[in-house]
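Peer 1: Contents of input28.txt (compact mmCIF, N, CA and C atoms and all ligand atoms):
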```txt
# COMPACT_ATOMS: atom_id res chain seq x y z
N MET A 1 0.83 -1.20 0.00
CA MET A 1 0.00 0.00 0.00
C MET A 1 0.87 1.25 0.00
N LYS A 2 0.32 2.31 -0.55
CA LYS A 2 1.00 3.61 -0.47
C LYS A 2 0.41 4.37 0.71
N ILE A 3 1.28 4.80 1.61
CA ILE A 3 0.85 5.47 2.84
C ILE A 3 1.44 6.88 2.88
N ALA A 4 0.58 7.85 3.13
CA ALA A 4 1.04 9.23 3.34
C ALA A 4 1.13 9.48 4.84
N PHE A 5 2.26 10.02 5.28
CA PHE A 5 2.48 10.24 6.72
C PHE A 5 2.71 11.72 7.00
N GLY A 6 2.13 12.19 8.11
CA GLY A 6 2.40 13.55 8.56
C GLY A 6 2.31 13.64 10.08
N CYS A 7 3.08 14.54 10.64
CA CYS A 7 3.00 14.77 12.09
C CYS A 7 3.41 16.22 12.36
N ASP A 8 3.12 16.68 13.56
CA ASP A 8 3.64 17.98 13.98
C ASP A 8 4.75 17.75 15.01
N HIS A 9 5.17 18.80 15.70
CA HIS A 9 6.27 18.67 16.66
C HIS A 9 5.97 17.69 17.77
N ALA A 10 4.68 17.50 18.09
CA ALA A 10 4.32 16.56 19.16
C ALA A 10 4.61 15.12 18.75
N GLY A 11 4.66 14.87 17.45
CA GLY A 11 4.88 13.51 16.96
C GLY A 11 6.30 13.23 16.51
N ILE A 12 7.14 14.25 16.53
CA ILE A 12 8.47 14.11 15.91
C ILE A 12 9.33 13.01 16.56
N GLU A 13 9.20 12.84 17.88
CA GLU A 13 10.04 11.85 18.58
C GLU A 13 9.72 10.41 18.16
N ILE A 14 8.48 10.15 17.79
CA ILE A 14 8.10 8.78 17.46
C ILE A 14 7.96 8.56 15.95
N LYS A 15 8.16 9.63 15.21
CA LYS A 15 7.95 9.58 13.76
C LYS A 15 8.78 8.51 13.05
N ASP A 16 10.09 8.48 13.30
CA ASP A 16 10.95 7.53 12.58
C ASP A 16 10.56 6.09 12.87
N LYS A 17 10.26 5.84 14.14
CA LYS A 17 9.86 4.48 14.52
C LYS A 17 8.58 4.06 13.77
N ILE A 18 7.65 4.98 13.68
CA ILE A 18 6.39 4.66 13.01
C ILE A 18 6.61 4.44 11.51
N ILE A 19 7.35 5.33 10.89
CA ILE A 19 7.58 5.20 9.44
C ILE A 19 8.33 3.90 9.14
N ASN A 20 9.36 3.60 9.92
CA ASN A 20 10.12 2.36 9.69
C ASN A 20 9.24 1.13 9.89
N PHE A 21 8.37 1.21 10.88
CA PHE A 21 7.46 0.09 11.13
C PHE A 21 6.51 -0.10 9.94
N VAL A 22 5.94 0.99 9.47
CA VAL A 22 4.98 0.90 8.35
C VAL A 22 5.68 0.35 7.11
N LYS A 23 6.92 0.77 6.89
CA LYS A 23 7.70 0.25 5.75
C LYS A 23 7.99 -1.25 5.94
N SER A 24 8.26 -1.64 7.18
CA SER A 24 8.58 -3.06 7.44
C SER A 24 7.40 -3.98 7.16
N LEU A 25 6.21 -3.40 7.11
CA LEU A 25 5.02 -4.20 6.78
C LEU A 25 4.86 -4.34 5.26
N GLY A 26 5.78 -3.72 4.51
CA GLY A 26 5.75 -3.84 3.06
C GLY A 26 5.10 -2.67 2.35
N ASN A 27 4.89 -1.58 3.08
CA ASN A 27 4.25 -0.40 2.47
C ASN A 27 5.27 0.62 2.00
N GLU A 28 4.83 1.45 1.07
CA GLU A 28 5.64 2.58 0.59
C GLU A 28 5.14 3.81 1.37
N VAL A 29 6.06 4.59 1.94
CA VAL A 29 5.63 5.73 2.77
C VAL A 29 6.13 7.04 2.18
N THR A 30 5.21 7.99 2.01
CA THR A 30 5.61 9.36 1.68
C THR A 30 5.57 10.17 2.96
N ASP A 31 6.70 10.76 3.30
CA ASP A 31 6.83 11.52 4.55
C ASP A 31 6.64 13.01 4.27
N TYR A 32 5.54 13.54 4.75
CA TYR A 32 5.25 14.97 4.54
C TYR A 32 5.70 15.84 5.71
N GLY A 33 6.51 15.28 6.61
CA GLY A 33 7.02 16.06 7.72
C GLY A 33 6.08 16.04 8.91
N THR A 34 6.41 16.76 9.91
CA THR A 34 7.42 17.77 10.02
C THR A 34 8.81 17.13 10.08
N PHE A 35 9.83 17.96 9.88
CA PHE A 35 11.19 17.44 9.80
C PHE A 35 12.09 17.98 10.90
N SER A 36 11.53 18.73 11.85
CA SER A 36 12.35 19.21 12.97
C SER A 36 11.50 19.27 14.24
N LYS A 37 12.16 19.53 15.37
CA LYS A 37 11.45 19.61 16.64
C LYS A 37 10.78 20.97 16.83
N ASP A 38 11.02 21.90 15.91
CA ASP A 38 10.46 23.24 16.05
C ASP A 38 8.93 23.20 16.06
N SER A 39 8.35 24.09 16.83
CA SER A 39 6.90 24.17 16.89
C SER A 39 6.34 24.48 15.49
N CYS A 40 5.28 23.80 15.14
CA CYS A 40 4.69 24.00 13.80
C CYS A 40 3.18 23.83 13.91
N ASP A 41 2.49 23.97 12.78
CA ASP A 41 1.03 23.97 12.78
C ASP A 41 0.49 22.70 12.12
N TYR A 42 -0.21 21.90 12.92
CA TYR A 42 -0.68 20.60 12.42
C TYR A 42 -1.56 20.67 11.16
N PRO A 43 -2.35 21.74 10.93
CA PRO A 43 -3.17 21.72 9.71
C PRO A 43 -2.33 21.67 8.42
N ASP A 44 -1.11 22.18 8.46
CA ASP A 44 -0.25 22.16 7.26
C ASP A 44 0.04 20.73 6.83
N PHE A 45 0.26 19.86 7.79
CA PHE A 45 0.61 18.47 7.49
C PHE A 45 -0.65 17.65 7.22
N ALA A 46 -1.71 17.98 7.94
CA ALA A 46 -2.99 17.30 7.71
C ALA A 46 -3.44 17.54 6.27
N LEU A 47 -3.27 18.75 5.79
CA LEU A 47 -3.69 19.08 4.42
C LEU A 47 -2.90 18.27 3.39
N LYS A 48 -1.61 18.17 3.57
CA LYS A 48 -0.77 17.43 2.61
C LYS A 48 -1.17 15.95 2.54
N VAL A 49 -1.34 15.35 3.71
CA VAL A 49 -1.71 13.93 3.75
C VAL A 49 -3.13 13.74 3.21
N ALA A 50 -4.05 14.61 3.63
CA ALA A 50 -5.44 14.48 3.20
C ALA A 50 -5.57 14.63 1.68
N LYS A 51 -4.84 15.56 1.11
CA LYS A 51 -4.88 15.77 -0.35
C LYS A 51 -4.37 14.53 -1.07
N ASP A 52 -3.30 13.95 -0.55
CA ASP A 52 -2.72 12.75 -1.17
C ASP A 52 -3.73 11.61 -1.17
N VAL A 53 -4.45 11.47 -0.08
CA VAL A 53 -5.45 10.40 0.03
C VAL A 53 -6.65 10.73 -0.87
N ALA A 54 -7.12 11.96 -0.83
CA ALA A 54 -8.29 12.35 -1.63
C ALA A 54 -8.01 12.20 -3.13
N LEU A 55 -6.79 12.50 -3.53
CA LEU A 55 -6.42 12.40 -4.95
C LEU A 55 -6.01 10.98 -5.34
N LYS A 56 -6.05 10.09 -4.37
CA LYS A 56 -5.71 8.68 -4.55
C LYS A 56 -4.24 8.46 -4.94
N ASN A 57 -3.41 9.42 -4.58
CA ASN A 57 -1.97 9.19 -4.70
C ASN A 57 -1.50 8.28 -3.57
N ALA A 58 -2.25 8.27 -2.48
CA ALA A 58 -1.98 7.36 -1.36
C ALA A 58 -3.24 6.55 -1.08
N ASP A 59 -3.05 5.31 -0.65
CA ASP A 59 -4.20 4.47 -0.29
C ASP A 59 -4.76 4.86 1.07
N LYS A 60 -3.84 5.16 2.00
CA LYS A 60 -4.25 5.52 3.36
C LYS A 60 -3.30 6.59 3.90
N GLY A 61 -3.74 7.27 4.95
CA GLY A 61 -2.90 8.28 5.58
C GLY A 61 -2.75 8.02 7.07
N ILE A 62 -1.65 8.52 7.61
CA ILE A 62 -1.40 8.45 9.05
C ILE A 62 -1.01 9.85 9.51
N LEU A 63 -1.69 10.34 10.55
CA LEU A 63 -1.40 11.68 11.07
C LEU A 63 -1.22 11.60 12.59
N ILE A 64 -0.12 12.15 13.06
CA ILE A 64 0.18 12.14 14.49
C ILE A 64 0.36 13.58 14.97
N CYS A 65 -0.39 13.93 16.01
CA CYS A 65 -0.13 15.20 16.71
C CYS A 65 -0.20 14.88 18.20
N GLY A 66 -0.41 15.88 19.05
CA GLY A 66 -0.42 15.61 20.48
C GLY A 66 -1.56 14.67 20.88
N THR A 67 -2.74 14.96 20.35
CA THR A 67 -3.93 14.18 20.69
C THR A 67 -4.48 13.37 19.52
N GLY A 68 -4.12 13.75 18.30
CA GLY A 68 -4.73 13.19 17.09
C GLY A 68 -5.97 13.99 16.68
N ILE A 69 -6.47 14.81 17.59
CA ILE A 69 -7.74 15.48 17.35
C ILE A 69 -7.62 16.63 16.34
N GLY A 70 -6.62 17.49 16.54
CA GLY A 70 -6.44 18.61 15.61
C GLY A 70 -6.20 18.11 14.19
N MET A 71 -5.39 17.08 14.07
CA MET A 71 -5.11 16.50 12.74
C MET A 71 -6.40 15.99 12.10
N SER A 72 -7.24 15.34 12.90
CA SER A 72 -8.47 14.77 12.32
C SER A 72 -9.44 15.88 11.90
N ILE A 73 -9.55 16.91 12.72
CA ILE A 73 -10.45 18.01 12.37
C ILE A 73 -10.01 18.63 11.05
N ALA A 74 -8.72 18.88 10.92
CA ALA A 74 -8.19 19.52 9.70
C ALA A 74 -8.33 18.60 8.49
N ALA A 75 -7.93 17.35 8.63
CA ALA A 75 -7.96 16.43 7.48
C ALA A 75 -9.38 16.21 6.97
N ASN A 76 -10.34 16.22 7.90
CA ASN A 76 -11.73 15.97 7.49
C ASN A 76 -12.36 17.13 6.72
N LYS A 77 -11.66 18.23 6.60
CA LYS A 77 -12.15 19.34 5.77
C LYS A 77 -11.95 19.05 4.28
N VAL A 78 -11.11 18.07 3.98
CA VAL A 78 -10.83 17.74 2.57
C VAL A 78 -11.84 16.69 2.11
N LYS A 79 -12.51 16.98 1.00
CA LYS A 79 -13.55 16.11 0.46
C LYS A 79 -12.99 14.71 0.17
N GLY A 80 -13.71 13.71 0.62
CA GLY A 80 -13.30 12.32 0.36
C GLY A 80 -12.47 11.72 1.47
N VAL A 81 -12.10 12.57 2.42
CA VAL A 81 -11.28 12.08 3.53
C VAL A 81 -12.16 11.72 4.73
N ARG A 82 -11.89 10.55 5.28
CA ARG A 82 -12.52 10.13 6.54
C ARG A 82 -11.38 9.85 7.51
N ALA A 83 -11.04 10.88 8.27
CA ALA A 83 -9.94 10.78 9.22
C ALA A 83 -10.51 10.50 10.59
N ALA A 84 -9.94 9.52 11.30
CA ALA A 84 -10.50 9.13 12.59
C ALA A 84 -9.41 8.93 13.62
N VAL A 85 -9.68 9.44 14.81
CA VAL A 85 -8.76 9.25 15.93
C VAL A 85 -8.99 7.86 16.52
N CYS A 86 -7.90 7.14 16.78
CA CYS A 86 -8.05 5.89 17.54
C CYS A 86 -7.18 5.98 18.79
N TRP A 87 -7.54 5.20 19.80
CA TRP A 87 -6.84 5.29 21.08
C TRP A 87 -6.61 3.92 21.73
N ASN A 88 -6.99 2.87 21.02
CA ASN A 88 -6.69 1.51 21.50
C ASN A 88 -6.87 0.55 20.32
N LYS A 89 -6.65 -0.74 20.57
CA LYS A 89 -6.71 -1.72 19.49
C LYS A 89 -8.12 -1.81 18.91
N GLU A 90 -9.10 -1.73 19.79
CA GLU A 90 -10.48 -1.88 19.34
C GLU A 90 -10.90 -0.74 18.41
N THR A 91 -10.55 0.50 18.81
CA THR A 91 -10.95 1.63 17.96
C THR A 91 -10.13 1.64 16.66
N ALA A 92 -8.90 1.13 16.70
CA ALA A 92 -8.10 1.03 15.46
C ALA A 92 -8.80 0.11 14.46
N LYS A 93 -9.41 -0.95 14.98
CA LYS A 93 -10.14 -1.88 14.12
C LYS A 93 -11.45 -1.27 13.63
N LEU A 94 -12.17 -0.64 14.55
CA LEU A 94 -13.50 -0.14 14.21
C LEU A 94 -13.48 1.03 13.23
N ILE A 95 -12.44 1.85 13.28
CA ILE A 95 -12.41 2.97 12.32
C ILE A 95 -12.29 2.46 10.89
N ALA A 96 -11.69 1.27 10.73
CA ALA A 96 -11.61 0.65 9.40
C ALA A 96 -12.89 -0.13 9.10
N GLN A 97 -13.30 -0.95 10.04
CA GLN A 97 -14.43 -1.86 9.83
C GLN A 97 -15.78 -1.14 9.68
N HIS A 98 -16.02 -0.17 10.51
CA HIS A 98 -17.33 0.51 10.51
C HIS A 98 -17.31 1.84 9.76
N ASN A 99 -16.23 2.61 9.92
CA ASN A 99 -16.22 3.98 9.38
C ASN A 99 -15.48 4.11 8.05
N ASN A 100 -14.88 3.03 7.60
CA ASN A 100 -14.09 3.06 6.36
C ASN A 100 -13.13 4.24 6.36
N ALA A 101 -12.52 4.48 7.51
CA ALA A 101 -11.56 5.59 7.62
C ALA A 101 -10.41 5.38 6.64
N ASN A 102 -10.02 6.46 5.99
CA ASN A 102 -8.85 6.35 5.11
C ASN A 102 -7.64 7.09 5.69
N VAL A 103 -7.82 7.72 6.84
CA VAL A 103 -6.70 8.34 7.55
C VAL A 103 -6.82 8.00 9.03
N LEU A 104 -5.76 7.43 9.58
CA LEU A 104 -5.70 7.16 11.02
C LEU A 104 -5.00 8.32 11.70
N CYS A 105 -5.59 8.80 12.78
CA CYS A 105 -4.98 9.86 13.58
C CYS A 105 -4.74 9.33 14.99
N ALA A 106 -3.60 9.70 15.58
CA ALA A 106 -3.32 9.25 16.94
C ALA A 106 -2.55 10.33 17.68
N GLY A 107 -2.60 10.23 19.01
CA GLY A 107 -2.00 11.26 19.87
C GLY A 107 -0.72 10.78 20.53
N ALA A 108 0.38 11.41 20.14
CA ALA A 108 1.70 11.01 20.66
C ALA A 108 1.88 11.36 22.14
N ARG A 109 1.04 12.26 22.65
CA ARG A 109 1.16 12.63 24.06
C ARG A 109 0.36 11.69 24.98
N PHE A 110 -0.33 10.77 24.41
CA PHE A 110 -1.19 9.87 25.19
C PHE A 110 -0.98 8.40 24.88
N ALA A 111 0.02 8.10 24.05
CA ALA A 111 0.26 6.69 23.69
C ALA A 111 1.73 6.52 23.35
N SER A 112 2.21 5.29 23.48
CA SER A 112 3.61 5.01 23.13
C SER A 112 3.71 4.75 21.62
N ALA A 113 4.94 4.82 21.12
CA ALA A 113 5.18 4.52 19.71
C ALA A 113 4.77 3.07 19.42
N ASP A 114 5.07 2.17 20.35
CA ASP A 114 4.71 0.75 20.14
C ASP A 114 3.20 0.57 20.02
N ASP A 115 2.46 1.25 20.89
CA ASP A 115 1.00 1.15 20.82
C ASP A 115 0.49 1.68 19.47
N ILE A 116 0.99 2.84 19.09
CA ILE A 116 0.51 3.44 17.83
C ILE A 116 0.87 2.55 16.64
N CYS A 117 2.06 1.94 16.66
CA CYS A 117 2.44 1.01 15.58
C CYS A 117 1.45 -0.15 15.50
N LEU A 118 1.10 -0.68 16.65
CA LEU A 118 0.15 -1.80 16.67
C LEU A 118 -1.21 -1.35 16.12
N TRP A 119 -1.65 -0.17 16.52
CA TRP A 119 -2.94 0.33 16.02
C TRP A 119 -2.90 0.51 14.50
N ILE A 120 -1.77 0.99 14.00
CA ILE A 120 -1.63 1.18 12.55
C ILE A 120 -1.71 -0.16 11.83
N LYS A 121 -1.04 -1.17 12.38
CA LYS A 121 -1.06 -2.51 11.76
C LYS A 121 -2.51 -3.02 11.70
N ILE A 122 -3.22 -2.89 12.80
CA ILE A 122 -4.61 -3.35 12.84
C ILE A 122 -5.45 -2.57 11.81
N PHE A 123 -5.27 -1.27 11.79
CA PHE A 123 -6.02 -0.40 10.86
C PHE A 123 -5.77 -0.82 9.40
N LEU A 124 -4.51 -1.06 9.07
CA LEU A 124 -4.17 -1.39 7.68
C LEU A 124 -4.65 -2.79 7.28
N GLU A 125 -4.76 -3.67 8.26
CA GLU A 125 -5.14 -5.06 7.95
C GLU A 125 -6.64 -5.30 8.01
N THR A 126 -7.38 -4.35 8.54
CA THR A 126 -8.82 -4.57 8.73
C THR A 126 -9.63 -4.11 7.52
N GLU A 127 -10.53 -4.98 7.08
CA GLU A 127 -11.39 -4.67 5.93
C GLU A 127 -12.64 -3.93 6.38
N PHE A 128 -13.10 -3.05 5.53
CA PHE A 128 -14.38 -2.37 5.75
C PHE A 128 -15.51 -3.40 5.59
N GLU A 129 -16.50 -3.30 6.46
CA GLU A 129 -17.67 -4.18 6.36
C GLU A 129 -18.75 -3.47 5.56
N GLN A 130 -19.11 -4.06 4.43
CA GLN A 130 -20.04 -3.44 3.48
C GLN A 130 -21.39 -3.07 4.11
N ARG A 131 -21.78 -3.79 5.19
CA ARG A 131 -23.09 -3.49 5.79
C ARG A 131 -23.17 -2.07 6.34
N HIS A 132 -22.00 -1.40 6.44
CA HIS A 132 -21.99 -0.01 6.94
C HIS A 132 -21.99 1.03 5.80
N GLN A 133 -22.04 0.55 4.55
CA GLN A 133 -21.90 1.45 3.40
C GLN A 133 -22.96 2.56 3.38
N LYS A 134 -24.18 2.22 3.79
CA LYS A 134 -25.27 3.20 3.77
C LYS A 134 -24.90 4.44 4.60
N ARG A 135 -24.23 4.21 5.72
CA ARG A 135 -23.84 5.34 6.59
C ARG A 135 -22.71 6.15 5.97
N ILE A 136 -21.81 5.44 5.30
CA ILE A 136 -20.71 6.16 4.63
C ILE A 136 -21.28 7.01 3.50
N ASP A 137 -22.28 6.47 2.80
CA ASP A 137 -22.93 7.23 1.72
C ASP A 137 -23.57 8.50 2.28
N LYS A 138 -24.12 8.41 3.48
CA LYS A 138 -24.73 9.59 4.10
C LYS A 138 -23.68 10.63 4.46
N ILE A 139 -22.52 10.18 4.85
CA ILE A 139 -21.42 11.12 5.14
C ILE A 139 -21.00 11.81 3.84
N THR A 140 -20.91 11.02 2.77
CA THR A 140 -20.53 11.59 1.47
C THR A 140 -21.57 12.60 1.01
N GLU A 141 -22.83 12.32 1.30
CA GLU A 141 -23.91 13.23 0.94
C GLU A 141 -23.76 14.56 1.68
N ILE A 142 -23.35 14.51 2.93
CA ILE A 142 -23.12 15.74 3.71
C ILE A 142 -22.06 16.61 3.03
N GLU A 143 -21.05 15.94 2.45
CA GLU A 143 -19.99 16.69 1.76
C GLU A 143 -20.53 17.49 0.58
N ARG A 144 -21.61 16.95 -0.02
CA ARG A 144 -22.18 17.59 -1.22
C ARG A 144 -23.03 18.80 -0.87
N LEU A 145 -23.46 18.91 0.38
CA LEU A 145 -24.32 20.02 0.78
C LEU A 145 -23.55 21.34 0.67
N LYS A 146 -24.21 22.34 0.21
CA LYS A 146 -23.56 23.66 0.15
C LYS A 146 -23.81 24.36 1.48
N SER A 147 -22.79 24.97 2.05
CA SER A 147 -22.99 25.64 3.33
C SER A 147 -23.16 27.14 3.09
C1 LIG B 1 0.46 21.13 19.70
O1 LIG B 1 0.87 21.67 20.91
C2 LIG B 1 -0.89 20.44 19.85
O2 LIG B 1 -1.89 21.36 20.02
C3 LIG B 1 -1.14 19.53 18.68
O3 LIG B 1 -0.13 18.59 18.58
C4 LIG B 1 -2.43 18.72 18.69
O4 LIG B 1 -2.54 17.98 19.87
C5 LIG B 1 -3.67 19.40 18.35
O5 LIG B 1 -4.74 18.80 18.28
```
As structure tokens, please, write out the structure in this file.

Peer 2:
Amino acid sequence: MKIAFGCDHAGIEIKDKIINFVKSLGNEVTDYGTFSKDSCDYPDFALKVAKDVALKNADKGILICGTGIGMSIAANKVKGVRAAVCWNKETAKLIAQHNNANVLCAGARFASADDICLWIKIFLETEFEQRHQKRIDKITEIERLKS
């Protein structure tokens, strides 16, 4: 799979471990940064990863910030993106199985690199269950509404 990766300064310490782990599973990773410990703005990286996923240049995205929440809010502004925060093995599975999430978001200030790697593995290996398609279609319909 092609995976787009992004993080802010909160994720920089665990970034290399995550990228190497994702590559070790046989995936190709595009690293959109950040590339230093300097304070930066998570929406910049969320946008790059979300665009890659929306344009189908990447199959899935991974976004890490302090909580995962800011990244998910920003990424979900891009049409076609379903970015979801996970915080344990069960939610890592459910965001794929029920929500057909195409971007996983996680919080580096609340989980270890090992935990997040495991959640990513579960997310990438879990298939969407078609019985939830009607709800995904309703989410897509919301995107079409003019505000
Ligand atoms: C940065 O301090 C922090 O706000 C960010 O990483 C993220 O947690 C936002 O949701």

Peer 1: Let me see if you get this right: every residue at most 7 Å from ligand LIG 1 (chain B), counting only C-alpha atoms and all ligand atoms, written as a list in words.

Peer 2: Asp8, His9, Ala10, Tyr42, Cys65, Gly66, Thr67, Gly68, Ile69, Gly70, Met71 and Gly107 of chain A

Peer 1: Taking N, CA and C atoms for each residue, export the selection above as a CSV table (one decimal), keeping the file's coordinate frame.

Peer 2:
```
chain,number,residue,atom,x,y,z
A,8,ASP,N,3.1,16.7,13.6
A,8,ASP,CA,3.6,18.0,14.0
A,8,ASP,C,4.8,17.8,15.0
A,9,HIS,N,5.2,18.8,15.7
A,9,HIS,CA,6.3,18.7,16.7
A,9,HIS,C,6.0,17.7,17.8
A,10,ALA,N,4.7,17.5,18.1
A,10,ALA,CA,4.3,16.6,19.2
A,10,ALA,C,4.6,15.1,18.8
A,42,TYR,N,-0.2,21.9,12.9
A,42,TYR,CA,-0.7,20.6,12.4
A,42,TYR,C,-1.6,20.7,11.2
A,65,CYS,N,-0.4,13.9,16.0
A,65,CYS,CA,-0.1,15.2,16.7
A,65,CYS,C,-0.2,14.9,18.2
A,66,GLY,N,-0.4,15.9,19.0
A,66,GLY,CA,-0.4,15.6,20.5
A,66,GLY,C,-1.6,14.7,20.9
A,67,THR,N,-2.7,15.0,20.4
A,67,THR,CA,-3.9,14.2,20.7
A,67,THR,C,-4.5,13.4,19.5
A,68,GLY,N,-4.1,13.8,18.3
A,68,GLY,CA,-4.7,13.2,17.1
A,68,GLY,C,-6.0,14.0,16.7
A,69,ILE,N,-6.5,14.8,17.6
A,69,ILE,CA,-7.7,15.5,17.4
A,69,ILE,C,-7.6,16.6,16.3
A,70,GLY,N,-6.6,17.5,16.5
A,70,GLY,CA,-6.4,18.6,15.6
A,70,GLY,C,-6.2,18.1,14.2
A,71,MET,N,-5.4,17.1,14.1
A,71,MET,CA,-5.1,16.5,12.7
A,71,MET,C,-6.4,16.0,12.1
A,107,GLY,N,-2.6,10.2,19.0
A,107,GLY,CA,-2.0,11.3,19.9
A,107,GLY,C,-0.7,10.8,20.5
```

Peer 1: Kindly give the distance, in Å, that separates CA of Phe21 in chain A and CA of Asp114 in chain A, rounded to a single decimal.

Peer 2: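 Between these atoms lies a distance of 9.4 Å.
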
Peer 1: Show me, as a PyMOL selection string, the residues that have an atom within 6 Å of His98 in chain A when counting all atoms listed in the file, minus same-chain residues fewer than 5 positions from it.

Peer 2: chain A and resi 93+128-129+132

Peer 1: Show which residues sit within 6.5 Å of Trp119 in chain A, as a PyMOL selection string. Count all atoms listed in the file, and ignore same-chain residues fewer than 6 positions away.

Peer 2: chain A and resi 88-89+92

Peer 1: Given only C-alpha atoms as the basis, pick out the residue of A:Thr140, A:Asn20, A:Gln133, A:Ser36 nearest to Cys7 in chain A.

Peer 2: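 Ranking A:Thr140, A:Asn20, A:Gln133, A:Ser36 by distance to Cys7 in chain A, first place goes to A:Ser36.
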
Peer 1: Quick one: of A:Asp16, A:Glu28, A:Glu127, A:Glu143, who's nearest to Gln97 in chain A, counting all atoms listed in the file?

Peer 2: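 Checking each candidate against Gln97 in chain A, we get A:Glu127 as the closest.
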
Peer 1: Compile the contact shell of Ala58 in chain A as a PyMOL selection string: residues with an atom at most 6 Å away, counting only C-alpha atoms, same-chain residues fewer than 3 positions apart removed.

Peer 2: chain A and resi 2-4+52-53

Peer 1: How many Å lie between atom N of Ala111 in chain A and atom C of Ile139 in chain A, rounded to one decimal?

Peer 2: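 Taking atom N of Ala111 in chain A as the start and atom C of Ile139 in chain A as the end point, the length is 29.4 Å.
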
Peer 1: Nearest to Ile12 in chain A: which of A:Ile64, A:Leu47, A:Cys117, A:Ala74 is it, counting only N, CA and C atoms?

Peer 2: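 The answer is A:Ile64, which sits nearest to Ile12 in chain A.
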
Peer 1: Please report the interatomic distance between atom C of Val78 in chain A and atom C of Glu125 in chain A in Å with one decimal.

Peer 2: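 Pair atom C of Val78 in chain A / atom C of Glu125 in chain A returns 23.4 Å.
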